[in-house]
file target.cif (mmCIF, C-alpha atoms and all ligand atoms)
data_my_file
loop_
_atom_site.label_atom_id
_atom_site.label_comp_id
_atom_site.auth_asym_id
_atom_site.auth_seq_id
_atom_site.Cartn_x
_atom_site.Cartn_y
_atom_site.Cartn_z
CA MET A 1390 0.00 0.00 0.00
CA LYS A 1391 1.27 3.47 -0.91
CA ALA A 1392 1.94 5.88 1.95
CA ILE A 1393 -1.00 7.68 3.54
CA TYR A 1394 -0.24 11.33 4.32
CA LEU A 1395 -2.50 13.17 6.73
CA THR A 1396 -2.49 16.90 6.04
CA GLY A 1397 -4.45 19.84 7.35
CA PHE A 1398 -4.27 22.96 9.45
CA MET A 1399 -2.90 22.98 13.00
CA GLY A 1400 -5.34 21.35 15.39
CA ALA A 1401 -7.26 19.50 12.68
CA GLY A 1402 -6.19 16.32 14.49
CA LYS A 1403 -3.53 14.82 12.19
CA THR A 1404 -1.28 13.50 14.97
CA THR A 1405 -4.15 12.27 17.17
CA ILE A 1406 -6.16 10.64 14.39
CA GLY A 1407 -3.07 9.23 12.68
CA GLU A 1408 -2.09 7.28 15.78
CA GLN A 1409 -5.51 5.68 15.99
CA LEU A 1410 -5.66 5.00 12.25
CA GLY A 1411 -2.30 3.23 12.54
CA ILE A 1412 -3.71 0.93 15.22
CA GLU A 1413 -6.83 0.16 13.16
CA LEU A 1414 -4.88 -0.54 9.95
CA SER A 1415 -1.87 -2.14 11.69
CA LEU A 1416 0.47 0.30 10.00
CA PRO A 1417 3.39 2.23 11.49
CA VAL A 1418 2.80 5.94 12.02
CA ILE A 1419 5.46 8.60 11.59
CA ASP A 1420 4.84 12.22 12.59
CA THR A 1421 7.08 14.73 10.79
CA ASP A 1422 7.06 17.19 13.72
CA LYS A 1423 8.04 14.47 16.18
CA GLU A 1424 10.78 13.19 13.84
CA ILE A 1425 12.24 16.68 13.57
CA GLU A 1426 12.17 17.12 17.36
CA LYS A 1427 13.86 13.74 17.85
CA LYS A 1428 16.56 14.40 15.29
CA GLN A 1429 17.34 17.93 16.52
CA GLY A 1430 16.92 17.19 20.23
CA LEU A 1431 14.84 20.37 20.41
CA THR A 1432 11.14 21.14 20.55
CA ILE A 1433 9.43 22.78 17.59
CA LYS A 1434 9.15 25.93 19.68
CA GLN A 1435 12.90 25.93 20.42
CA ILE A 1436 13.74 25.40 16.74
CA PHE A 1437 11.58 28.38 15.73
CA GLU A 1438 13.03 30.54 18.52
CA GLN A 1439 16.65 29.65 17.93
CA TYR A 1440 16.80 29.24 14.14
CA GLY A 1441 13.60 30.69 12.68
CA GLU A 1442 10.82 29.35 10.49
CA ALA A 1443 12.86 29.10 7.24
CA TYR A 1444 15.27 26.69 8.91
CA PHE A 1445 12.39 24.65 10.31
CA ARG A 1446 10.94 24.38 6.79
CA GLU A 1447 14.29 23.04 5.51
CA LEU A 1448 14.31 20.40 8.24
CA GLU A 1449 10.72 19.50 7.40
CA THR A 1450 11.50 18.86 3.72
CA GLU A 1451 14.66 16.95 4.63
CA ILE A 1452 12.70 14.64 6.96
CA LEU A 1453 9.86 14.16 4.47
CA LYS A 1454 12.35 12.98 1.84
CA THR A 1455 13.82 10.33 4.15
CA LEU A 1456 10.51 8.72 5.12
CA PRO A 1457 9.24 5.46 3.61
CA SER A 1458 6.70 5.65 0.81
CA GLU A 1459 4.92 2.34 1.37
CA ASN A 1460 2.93 0.71 4.17
CA VAL A 1461 3.09 3.73 6.42
CA ILE A 1462 0.93 6.54 7.74
CA ILE A 1463 2.72 9.89 7.80
CA THR A 1464 1.17 12.64 9.89
CA THR A 1465 2.52 15.94 8.67
CA GLY A 1466 3.08 19.37 10.18
CA GLY A 1467 0.32 21.87 9.40
CA GLY A 1468 2.57 23.96 7.15
CA ILE A 1469 4.07 21.17 5.07
CA VAL A 1470 1.83 22.05 2.11
CA ILE A 1471 3.28 25.51 1.65
CA LYS A 1472 6.29 24.16 -0.28
CA ARG A 1473 5.64 22.86 -3.78
CA GLU A 1474 8.45 20.33 -3.38
CA ASN A 1475 6.66 18.76 -0.39
CA ARG A 1476 3.29 18.74 -2.14
CA GLU A 1477 4.75 17.00 -5.18
CA LEU A 1478 6.58 14.42 -3.09
CA MET A 1479 3.40 13.51 -1.20
CA LYS A 1480 1.32 13.36 -4.37
CA ASN A 1481 3.85 11.14 -6.11
CA ASN A 1482 4.42 8.81 -3.17
CA GLY A 1483 0.94 8.22 -1.85
CA GLN A 1484 -2.55 9.30 -0.95
CA ILE A 1485 -3.23 12.59 0.77
CA ILE A 1486 -6.01 12.73 3.34
CA LEU A 1487 -6.97 16.24 4.36
CA LEU A 1488 -8.36 16.67 7.86
CA HIS A 1489 -10.52 19.74 8.19
CA ALA A 1490 -12.19 21.54 11.07
CA GLU A 1491 -13.64 25.04 11.21
CA ILE A 1492 -11.39 27.76 12.61
CA ASP A 1493 -13.53 28.14 15.78
CA VAL A 1494 -12.91 24.47 16.58
CA VAL A 1495 -9.23 24.59 15.67
CA TYR A 1496 -8.72 27.73 17.76
CA GLU A 1497 -10.26 26.11 20.83
CA ARG A 1498 -8.04 23.07 20.38
CA ILE A 1499 -4.71 24.86 19.97
CA HIS A 1500 -4.68 28.43 21.26
CA ALA A 1501 -3.45 27.54 24.73
CA ASP A 1502 -0.74 25.13 23.55
CA PRO A 1503 2.68 26.82 23.82
CA ASN A 1504 4.38 24.39 21.41
CA ARG A 1505 2.80 25.78 18.24
CA PRO A 1506 4.87 28.89 17.56
CA ILE A 1507 2.89 29.76 14.43
CA ALA A 1508 -0.36 29.85 16.41
CA SER A 1509 0.61 30.97 19.87
CA LYS A 1510 0.56 34.72 19.27
CA LYS A 1511 -2.24 34.79 16.70
CA SER A 1512 -5.83 35.86 17.13
CA LYS A 1513 -8.61 33.72 15.71
CA GLN A 1514 -8.86 36.13 12.79
CA GLN A 1515 -5.13 35.92 12.04
CA LEU A 1516 -5.33 32.14 12.12
CA ALA A 1517 -8.27 32.27 9.73
CA SER A 1518 -6.25 34.34 7.23
CA LEU A 1519 -3.32 31.96 7.51
CA TYR A 1520 -5.69 29.08 6.81
CA LEU A 1521 -7.12 30.89 3.77
CA SER A 1522 -3.63 31.51 2.38
CA ARG A 1523 -3.03 27.73 2.45
CA LYS A 1524 -6.54 26.54 1.58
CA SER A 1525 -5.94 25.71 -2.09
CA PHE A 1526 -2.85 23.68 -1.20
CA TYR A 1527 -4.76 21.68 1.41
CA GLU A 1528 -7.67 21.07 -0.94
CA ASP A 1529 -5.44 19.31 -3.49
CA CYS A 1530 -5.98 15.95 -1.81
CA THR A 1531 -7.42 12.47 -2.40
CA ILE A 1532 -9.96 12.57 0.44
CA LYS A 1533 -11.22 15.35 2.72
CA ILE A 1534 -12.51 14.40 6.17
CA GLU A 1535 -14.34 16.67 8.60
CA THR A 1536 -12.97 16.42 12.15
CA GLY A 1537 -14.87 19.17 13.96
CA ASN A 1538 -17.26 18.01 16.70
CA LYS A 1539 -16.69 14.35 15.89
CA SER A 1540 -15.08 11.76 18.12
CA ILE A 1541 -11.74 10.26 17.16
CA ALA A 1542 -13.39 6.84 16.74
CA GLU A 1543 -16.02 8.30 14.35
CA ILE A 1544 -13.38 10.09 12.29
CA VAL A 1545 -11.23 6.97 11.97
CA LYS A 1546 -14.24 4.89 10.96
CA ASP A 1547 -15.21 7.45 8.32
CA MET A 1548 -11.63 7.54 7.05
CA ILE A 1549 -11.39 3.76 6.65
CA LEU A 1550 -14.68 3.70 4.72
CA ARG A 1551 -13.47 6.46 2.43
CA LEU A 1552 -10.12 4.74 1.86
CA LYS A 1553 -11.96 1.57 0.86
CA LYS A 1554 -14.02 3.57 -1.65
CA VAL A 1555 -10.83 5.02 -3.15
CA GLU A 1556 -9.45 1.49 -3.49
CA ILE A 1557 -12.47 0.45 -5.52
CA GLY A 1558 -12.53 3.72 -7.42
CA HIS A 1559 -15.61 5.42 -5.86
CA ASN A 1560 -14.27 8.27 -3.73
N1 LIG A 1601 -11.77 14.83 17.12
C1 LIG A 1601 -11.27 15.51 18.13
N2 LIG A 1601 -12.08 15.90 19.13
C2 LIG A 1601 -11.59 16.61 20.18
N3 LIG A 1601 -10.29 16.98 20.33
C3 LIG A 1601 -9.45 16.62 19.37
C4 LIG A 1601 -9.88 15.87 18.22
N4 LIG A 1601 -8.80 15.67 17.43
C5 LIG A 1601 -7.77 16.27 18.05
N5 LIG A 1601 -8.15 16.82 19.21
C6 LIG A 1601 -7.29 17.57 20.15
O1 LIG A 1601 -6.85 18.74 19.48
C7 LIG A 1601 -5.49 19.03 19.78
C8 LIG A 1601 -4.73 19.10 18.48
O2 LIG A 1601 -4.72 17.81 17.86
P1 LIG A 1601 -3.45 17.31 17.04
O3 LIG A 1601 -2.20 17.60 17.80
O4 LIG A 1601 -3.72 15.91 16.66
O5 LIG A 1601 -3.54 18.26 15.78
P2 LIG A 1601 -2.58 18.35 14.52
O6 LIG A 1601 -3.45 18.42 13.35
O7 LIG A 1601 -1.57 17.25 14.58
O8 LIG A 1601 -1.86 19.76 14.72
P3 LIG A 1601 -0.38 20.26 14.24
O9 LIG A 1601 -0.50 20.65 12.80
O10 LIG A 1601 -0.10 21.47 15.05
O11 LIG A 1601 0.57 19.15 14.47
C9 LIG A 1601 -5.02 17.93 20.73
O12 LIG A 1601 -5.11 18.41 22.05
C10 LIG A 1601 -6.03 16.80 20.51
O13 LIG A 1601 -6.21 16.02 21.66
O1 LIG A 1602 0.99 25.08 10.52
C1 LIG A 1602 2.21 25.24 10.75
O2 LIG A 1602 2.89 26.06 10.12
C2 LIG A 1602 2.86 24.40 11.76
C3 LIG A 1602 2.19 23.31 12.26
C4 LIG A 1602 2.77 22.38 13.23
O3 LIG A 1602 2.39 21.05 12.93
C5 LIG A 1602 4.30 22.47 13.26
O4 LIG A 1602 4.85 21.89 12.11
C6 LIG A 1602 4.74 23.90 13.38
O5 LIG A 1602 4.25 24.40 14.60
C7 LIG A 1602 4.23 24.74 12.19
MG MG A 1603 0.50 17.19 14.66
#
call {"tool": "encode", "arguments": {"input": "target.cif", "output": "structure tokens"}}
result
Amino acid sequence: MKAIYLTGFMGAGKTTIGEQLGIELSLPVIDTDKEIEKKQGLTIKQIFEQYGEAYFRELETEILKTLPSENVIITTGGGIVIKRENRELMKNNGQIILLHAEIDVVYERIHADPNRPIASKKSKQQLASLYLSRKSFYEDCTIKIETGNKSIAEIVKDMILRLKKVEIGHN
């Protein structure tokens, strides 16, 4: 099976849902943010503070290139889609599942978390504009799944059904 990439805005639930999907499908799950943190021995917040966003984006592409492209679920960082190189790699190597939740929901999930430097100082409105600037990149996906006001179990069930439909050509 080709790699499954979970994409979407911060707080859409990529990391959380990916872990559960991995259990259900008996596939390993790799999270690009966690891989970067492990490799650098620094948190995402520390990387942004010490080296800046551009450096983080280089690390992100570097990690993405090293990951397997088969029999794996890759949960990506929310900004991975902003680079064409990353978008093309994901498209060529596998299926892209977009997780989507409305900004109100996303804001509630992430605004108090200090380890999301891109979100921590932004108002809901600023987050909404950031989302809009990335929207067309996110929407270029195989499947789009709503994650707002749904339990993790419901989302995973929905995702597996949709993946089966793609397999038989009815997505
Ligand atoms: N379906 C859900 N219902 C309620 N809370 C959720 C749901 N999915 C995720 N969460 C919570 O929202 C927060 C953000 O989820 P998660 O870290 O999985 O998002 P993400 O898409 O990986 O974000 P990032 O792009 O920043 O890595 C977590 O606290 C998680 O527990
Ligand atoms: O949306 C973003 O730009 C980000 C999302 C997170 O997953 C991390 O990759 C980092 O905080 C940047
Ligand atoms: Mg995540």
call {"tool": "residues_near_ligand", "arguments": {"input": "target.cif", "ligand": "ligand LIG 1602 (chain A)", "cutoff": "10 Å", "atoms": "only C-alpha atoms and all ligand atoms", "output": "ChimeraX atom specification"}}
result
/A:1396-1404,1420-1423,1425,1432-1434,1436-1437,1442,1445-1446,1449,1464-1471,1503-1509,1516,1519-1520,1523
call {"tool": "closest_residue", "arguments": {"input": "target.cif", "among": "A:Thr1405, A:Ser1512, A:Gln1435, A:Phe1526", "to": "Asn1475 (chain A)", "atoms": "only C-alpha atoms"}}
result
A:Phe1526
call {"tool": "atom_distance", "arguments": {"input": "target.cif", "atom1": "CA of Leu1521 (chain A)", "atom2": "CA of Ala1490 (chain A)"}}
result
12.9 Å
call {"tool": "axis_aligned_box", "arguments": {"input": "target.cif", "around": "region 1541-1553 of chain A", "padding_each_side": "3 Å", "output": "AutoDock Vina command-line options"}}
result
--center_x -13.1 --center_y 5.9 --center_z 9.0 --size_x 11.9 --size_y 14.7 --size_z 22.3
call {"tool": "closest_residue", "arguments": {"input": "target.cif", "among": "A:Gly1441, A:Gly1411, A:Ala1392, A:Ile1499", "to": "Leu1456 (chain A)", "atoms": "all atoms listed in the file"}}
result
A:Ala1392
call {"tool": "residues_near_point", "arguments": {"input": "target.cif", "point": "(-13.4, 22.1, 16.7)", "cutoff": "12 Å", "atoms": "all atoms listed in the file", "output": "mmCIF file with C-alpha atoms, keeping the file's coordinate frame"}}
result
data_model
loop_
_atom_site.group_PDB
_atom_site.id
_atom_site.type_symbol
_atom_site.label_atom_id
_atom_site.label_comp_id
_atom_site.auth_asym_id
_atom_site.auth_seq_id
_atom_site.Cartn_x
_atom_site.Cartn_y
_atom_site.Cartn_z
ATOM 1 C CA PHE A 1398 -4.270 22.960 9.450
ATOM 2 C CA MET A 1399 -2.900 22.980 13.000
ATOM 3 C CA GLY A 1400 -5.340 21.350 15.390
ATOM 4 C CA ALA A 1401 -7.260 19.500 12.680
ATOM 5 C CA GLY A 1402 -6.190 16.320 14.490
ATOM 6 C CA LEU A 1488 -8.360 16.670 7.860
ATOM 7 C CA HIS A 1489 -10.520 19.740 8.190
ATOM 8 C CA ALA A 1490 -12.190 21.540 11.070
ATOM 9 C CA GLU A 1491 -13.640 25.040 11.210
ATOM 10 C CA ILE A 1492 -11.390 27.760 12.610
ATOM 11 C CA ASP A 1493 -13.530 28.140 15.780
ATOM 12 C CA VAL A 1494 -12.910 24.470 16.580
ATOM 13 C CA VAL A 1495 -9.230 24.590 15.670
ATOM 14 C CA TYR A 1496 -8.720 27.730 17.760
ATOM 15 C CA GLU A 1497 -10.260 26.110 20.830
ATOM 16 C CA ARG A 1498 -8.040 23.070 20.380
ATOM 17 C CA ILE A 1499 -4.710 24.860 19.970
ATOM 18 C CA HIS A 1500 -4.680 28.430 21.260
ATOM 19 C CA GLU A 1535 -14.340 16.670 8.600
ATOM 20 C CA THR A 1536 -12.970 16.420 12.150
ATOM 21 C CA GLY A 1537 -14.870 19.170 13.960
ATOM 22 C CA ASN A 1538 -17.260 18.010 16.700
ATOM 23 C CA LYS A 1539 -16.690 14.350 15.890
ATOM 24 C CA SER A 1540 -15.080 11.760 18.120
ATOM 25 C CA ILE A 1541 -11.740 10.260 17.160
#
call {"tool": "residues_around", "arguments": {"input": "target.cif", "residues": "Ile1549 (chain A)", "least_positions_apart": "5", "cutoff": "10 Å", "atoms": "all atoms listed in the file", "output": "list in words"}}
result
Leu1410, Glu1413, Leu1414, Ile1544, Lys1554 and Val1555 of chain A
call {"tool": "closest_residue", "arguments": {"input": "target.cif", "among": "A:Ile1452, A:Leu1395, A:Ala1517, A:Ile1532", "to": "Asp1547 (chain A)", "atoms": "only C-alpha atoms"}}
result
A:Ile1532
